[in-house]
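Colleague: Quick one: this structure, given as structure tokens, is what I'll be asking you about.
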Number of protein chains: 4
Amino acid sequence: MSTAVVVGNPKPGSRTLAAALHVGRELSGAEPELVVDLATLGPALLDWSSAEVADLVERVGSADLVVVATPTYKGTYTGLLKLFLDRFAAGTGLRGVAIPVMLGASEAHALAPELSLRPVLAELGATVPGRGLFVIDTDHENPAAYADWLDATRPVVTTLLTARGVAV
Amino acid sequence: MSTAVVVGNPKPGSRTLAAALHVGRELSGAEPELVVDLATLGPALLDWSSAEVADLVERVGSADLVVVATPTYKGTYTGLLKLFLDRFAAGTGLRGVAIPVMLGASEAHALAPELSLRPVLAELGATVPGRGLFVIDTDHENPAAYADWLDATRPVVTTLLTARGVAV
Amino acid sequence: MSTAVVVGNPKPGSRTLAAALHVGRELSGAEPELVVDLATLGPALLDWSSAEVADLVERVGSADLVVVATPTYKGTYTGLLKLFLDRFAAGTGLRGVAIPVMLGASEAHALAPELSLRPVLAELGATVPGRGLFVIDTDHENPAAYADWLDATRPVVTTLLTARGVAV
Amino acid sequence: MSTAVVVGNPKPGSRTLAAALHVGRELSGAEPELVVDLATLGPALLDWSSAEVADLVERVGSADLVVVATPTYKGTYTGLLKLFLDRFAAGTGLRGVAIPVMLGASEAHALAPELSLRPVLAELGATVPGRGLFVIDTDHENPAAYADWLDATRPVVTTLLTARGVAV
């Protein structure tokens with residue numbers, strides 16, 4: 001099985017990255033093969049002819065499991081994340097199972113994973129079987145912040161990945 | 001396998017019902033065991049102590065597959081449908097796979113299944129693996145209006161239902 | 001100036017009603033002329049030929065200021081409220097200034113007034129100039145829960161009402 | 001009165017720009033003082049210490065009227081636009097009246113201005129009194145594509161701008 005993690009925090013090595021890696025490991029049982037920390041890409045993200053970005057789009061698109069994580073900016077995902085997602089083809093860009101993850105300073109934006117990030121991933125063709133995950137950013141290292149969501153989401157994700165013919 | 005169809009059109013025997021039955025048959029391969037045409041329930045829907053409604057909530061909640069269909073009123077699902085969905089427990093009310101279906105007069109409200117109906121079903125605990133379906137109401141008897149969506153959605157639904165231990 | 005308050009709580013005389021009355025008084029400087037506590041209407045709400053409901057729709061639709069308040073059920077407005085709003089004509093049903101108000105048990109649904117209730121009021125033709133208000137239900141009698149929002153919203157509402165030729 | 005136009009199309013000189021200029025002129029009666037065609041900014045947009053971007057944020061934030069226009073990518077605004085909007089302070093970043101405008105290839109995404117772009121502008125503190133405008137991109141030079149919306153929106157915008165003490 002291949003797992004990719006995509007992180008839309010403008011700061012490299014962020015808490016968002018840590019949260020995404022945790023979710024990826026918990027759902028796949030292994031380290032992700034591909035980690036795209038968008039903050040490290042720089043101006044290539046604005047260059048629609050960049051081969052580097054095109055290659056990442058292809059690899060993320062073909063992953064069996066993709067964790068897409070972002071901090072909450074202005075009540076929704078960051079522009080940095082959307083800049084990358086805009087490169088994927090509608091309907092066929094994401095061909096695996098996708099997991100929306102958002103971190104935020106308070107519960108006030110807890111609806112954002114379902115109401116804003118998930119619809120974008122679905123538009124790209126991803127199978128998004130579970131609810132989006134919202135984590136208070138100061139809780140990002142606390143396993144309890146993920147536990148209930150993992151209990152609800154893991155069985156469905158495992159079933160779908162197994163059906164794709166990949167070992168979980 | 002048990003399949004339920006819930007229809008939120010204020011007119012009984014509506015095109016919405018026909019569309020929901022078509023989707024249910026196509027995804028399950030059989031007639032649904034339970035059809036809840038909400039227009040036929042009457043004032044019991046406003047009575048929070050109604051045993052009839054409580055029984056329907058329980059039966060729909062335990063179905064393996066639930067097709068939830070509504071016309072588009074004011075850009076979203078009908079109040080009639082939401083009145084029924086308000087009776088389900090958050091997180092545990094819908095324990096199977098749910099399929100959001102909306103009919104509308106034009107494409108202008110095509111985002112509504114993903115942005116408004118799906119989040120409610122997810123809030124009730126349902127597994128909503130595919131994209132919501134939007135059908136132009138005058139096309140509701142045209143199999144072509146469902147074909148692409150069925151091709152994309154059926155494999156995921158079948159996988160999840162099989163994993164629930166039910167034959168499809 | 002005419003002010004109407006519409007309350008979508010299934011319980012009559014609710015905290016939602018109290019919050020809506022507070023908002024209406026603060027924005028208009030007077031008691032509302034019309035209070036529609038939907039819980040008291042009963043089965044007429046399900047009867048599309050009800051003259052009583054049609055009369056309320058007409059009176060609410062022509063009010064200069066309408067406060068539309070609902071508890072948060074399943075992450076959004078109640079079915080009871082939507083049942084009433086479904087009776088208004090798209091584009092022309094609400095001809096005044098509308099104020100979306102939602103009460104909820106926690107901040108987790110704080111995006112709902114903007115992302116779910118406001119779009120419905122806009123679809124009905126209302127001018128919805130300010131942000132939707134979200135109030136934690138246990139704070140509903142605390143003026144501080146409304147103060148910042150009132151400071152931001154009152155000037156715009158007053159300007160629009162004055163332009164309608166009504167004294168504020 | 002000062003009017004700003006912000007355009008989030010990755011191609012400079014786009015149809016989105018033409019549509020935004022048309023809306024700006026129609027609502028203000030004059031050419032906009034400031035046109036921010038984000039495609040021309042380049043990597044400065046990714047540099048959170050850019051003085052050029054900070055200056056644009058300040059000037060757009062203090063404009064009396066801001067038209068914010070974007071093509072529809074993946075069912076919502078572009079990442080390029082959000083990248084710029086992420087630089088504005090929540091609650092106080094936009095201190096004038098804002099107008100959401102989206103262009104799209106078909107009616108299928110017509111709900112996006114209300115359900116995705118408007119909430120971001122409201123989060124930044126803007127007064128967003130009218131409905132978001134959705135224009136089919138091939139109609140962008142056709143005045144009829146704007147007429148009804150302008151008839152509905154212009155009076156409210158004029159009232160609010162006049163109240164800000166600016167001549168319209």
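How things are named: the first chain in the structure tokens is A, the next is B, and so on; residues count from 1 in each chain; ligands count from 1 in the order shown.
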Within 7 Å of Glu123 in chain B, counting only C-alpha atoms, which residues qualify if same-chain residues fewer than 4 places away don't, as a ChimeraX atom specification?

Modeller: /B:90-91,119 /C:74-75

Colleague: Pick out each residue of chain B that DSSP on the backbone tags as alpha helix (DSSP H); I need them as a ChimeraX atom specification.

Modeller: /B:15-28,51-61,79-85,112,118-123,144-163

Colleague: Go through C:Val166, C:Val5, C:Pro10, C:Thr159 one by one, measure the shortest atom-to-atom distance of each to Leu83 in chain B using only C-alpha atoms, and give the residue with the smallest value.

Modeller: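 Of C:Val166, C:Val5, C:Pro10, C:Thr159, the one nearest Leu83 in chain B, counting only C-alpha atoms, is C:Pro10.
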
Colleague: Can you work out the spacing between CA of Leu21 in chain A and CA of Val128 in chain B in Å, to one decimal?

Modeller: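 Separating CA of Leu21 in chain A from CA of Val128 in chain B is a distance of 24.3 Å.
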
Colleague: May I have a table of the residues of chain C lying at most 10 Å from chain B, giving each one's closest pair of atoms and their distance in Å to one decimal, counting only C-alpha atoms, ordered by chain and ascending residue number, as a Markdown table?

Modeller:
```
| residue | atom | partner | partner_atom | distance |
| --- | --- | --- | --- | --- |
| C:Pro10 | CA | B:Leu46 | CA | 8.3 |
| C:Ala39 | CA | B:Leu46 | CA | 8.9 |
| C:Gly42 | CA | B:Leu46 | CA | 7.1 |
| C:Pro43 | CA | B:Pro43 | CA | 5.3 |
| C:Ala44 | CA | B:Pro43 | CA | 8.8 |
| C:Leu45 | CA | B:Pro43 | CA | 9.1 |
| C:Leu46 | CA | B:Gly42 | CA | 7.1 |
| C:Asp47 | CA | B:Gly42 | CA | 9.0 |
| C:Trp48 | CA | B:Pro10 | CA | 8.8 |
| C:Tyr73 | CA | B:Asp86 | CA | 6.4 |
| C:Lys74 | CA | B:Glu123 | CA | 5.9 |
| C:Gly75 | CA | B:Val120 | CA | 6.8 |
| C:Thr76 | CA | B:Val120 | CA | 7.8 |
| C:Tyr77 | CA | B:Lys82 | CA | 8.8 |
| C:Thr78 | CA | B:Lys82 | CA | 6.8 |
| C:Gly79 | CA | B:Leu83 | CA | 4.0 |
| C:Leu80 | CA | B:Leu83 | CA | 6.0 |
| C:Leu81 | CA | B:Gly79 | CA | 7.1 |
| C:Lys82 | CA | B:Gly79 | CA | 4.3 |
| C:Leu83 | CA | B:Gly79 | CA | 4.0 |
| C:Phe84 | CA | B:Gly79 | CA | 7.5 |
| C:Leu85 | CA | B:Gly79 | CA | 7.9 |
| C:Asp86 | CA | B:Tyr73 | CA | 6.4 |
| C:Arg87 | CA | B:Tyr73 | CA | 9.4 |
| C:Phe88 | CA | B:Lys74 | CA | 8.8 |
| C:Ala89 | CA | B:Lys74 | CA | 8.5 |
| C:Ala90 | CA | B:Lys74 | CA | 6.3 |
| C:Gly91 | CA | B:Lys74 | CA | 9.1 |
| C:Leu115 | CA | B:Ser116 | CA | 9.0 |
| C:Ser116 | CA | B:Ser116 | CA | 7.4 |
| C:Pro119 | CA | B:Gly75 | CA | 8.0 |
| C:Val120 | CA | B:Lys74 | CA | 5.9 |
| C:Leu121 | CA | B:Lys74 | CA | 8.5 |
| C:Ala122 | CA | B:Lys74 | CA | 9.1 |
| C:Glu123 | CA | B:Lys74 | CA | 5.9 |
| C:Leu124 | CA | B:Lys74 | CA | 6.9 |
```

Colleague: Could you check which of C:Val135, C:Leu117, C:Met1, C:Leu41 is closest to Arg15 in chain C, using only C-alpha atoms?

Modeller: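 Closest candidate: C:Val135.
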
Colleague: Just how far from CA of Gly61 in chain D is CA of Ala69 in chain A, in Å to one decimal?

Modeller: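 Pair CA of Ala69 in chain A / CA of Gly61 in chain D returns 28.7 Å.
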
Colleague: Near Arg95 in chain B, within 8 Å and counting only C-alpha atoms, which residues show up once chain neighbours fewer than 6 positions away are dropped, as an MDAnalysis selection string?

Modeller: chainID B and resid 61:64 125:127

Colleague: Would you work out the distance separating CA of His140 in chain C from CA of Pro155 in chain C, expressed in Å to one decimal?

Modeller: 22.3 Å

Colleague: Assign secondary structure with DSSP using the backbone only, and return the residues of chain B in strand (DSSP E or B) as an MDAnalysis selection string.

Modeller: chainID B and resid 3:7 34:37 65:71 73 76 97:104 127 133:136

Colleague: Identify which of the residues B:Leu38, B:Ala110, B:Ile136, B:Val66 lies closest to Leu17 in chain B, counting only C-alpha atoms when measuring atom-to-atom distances.

Modeller: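 Closest candidate: B:Leu38.
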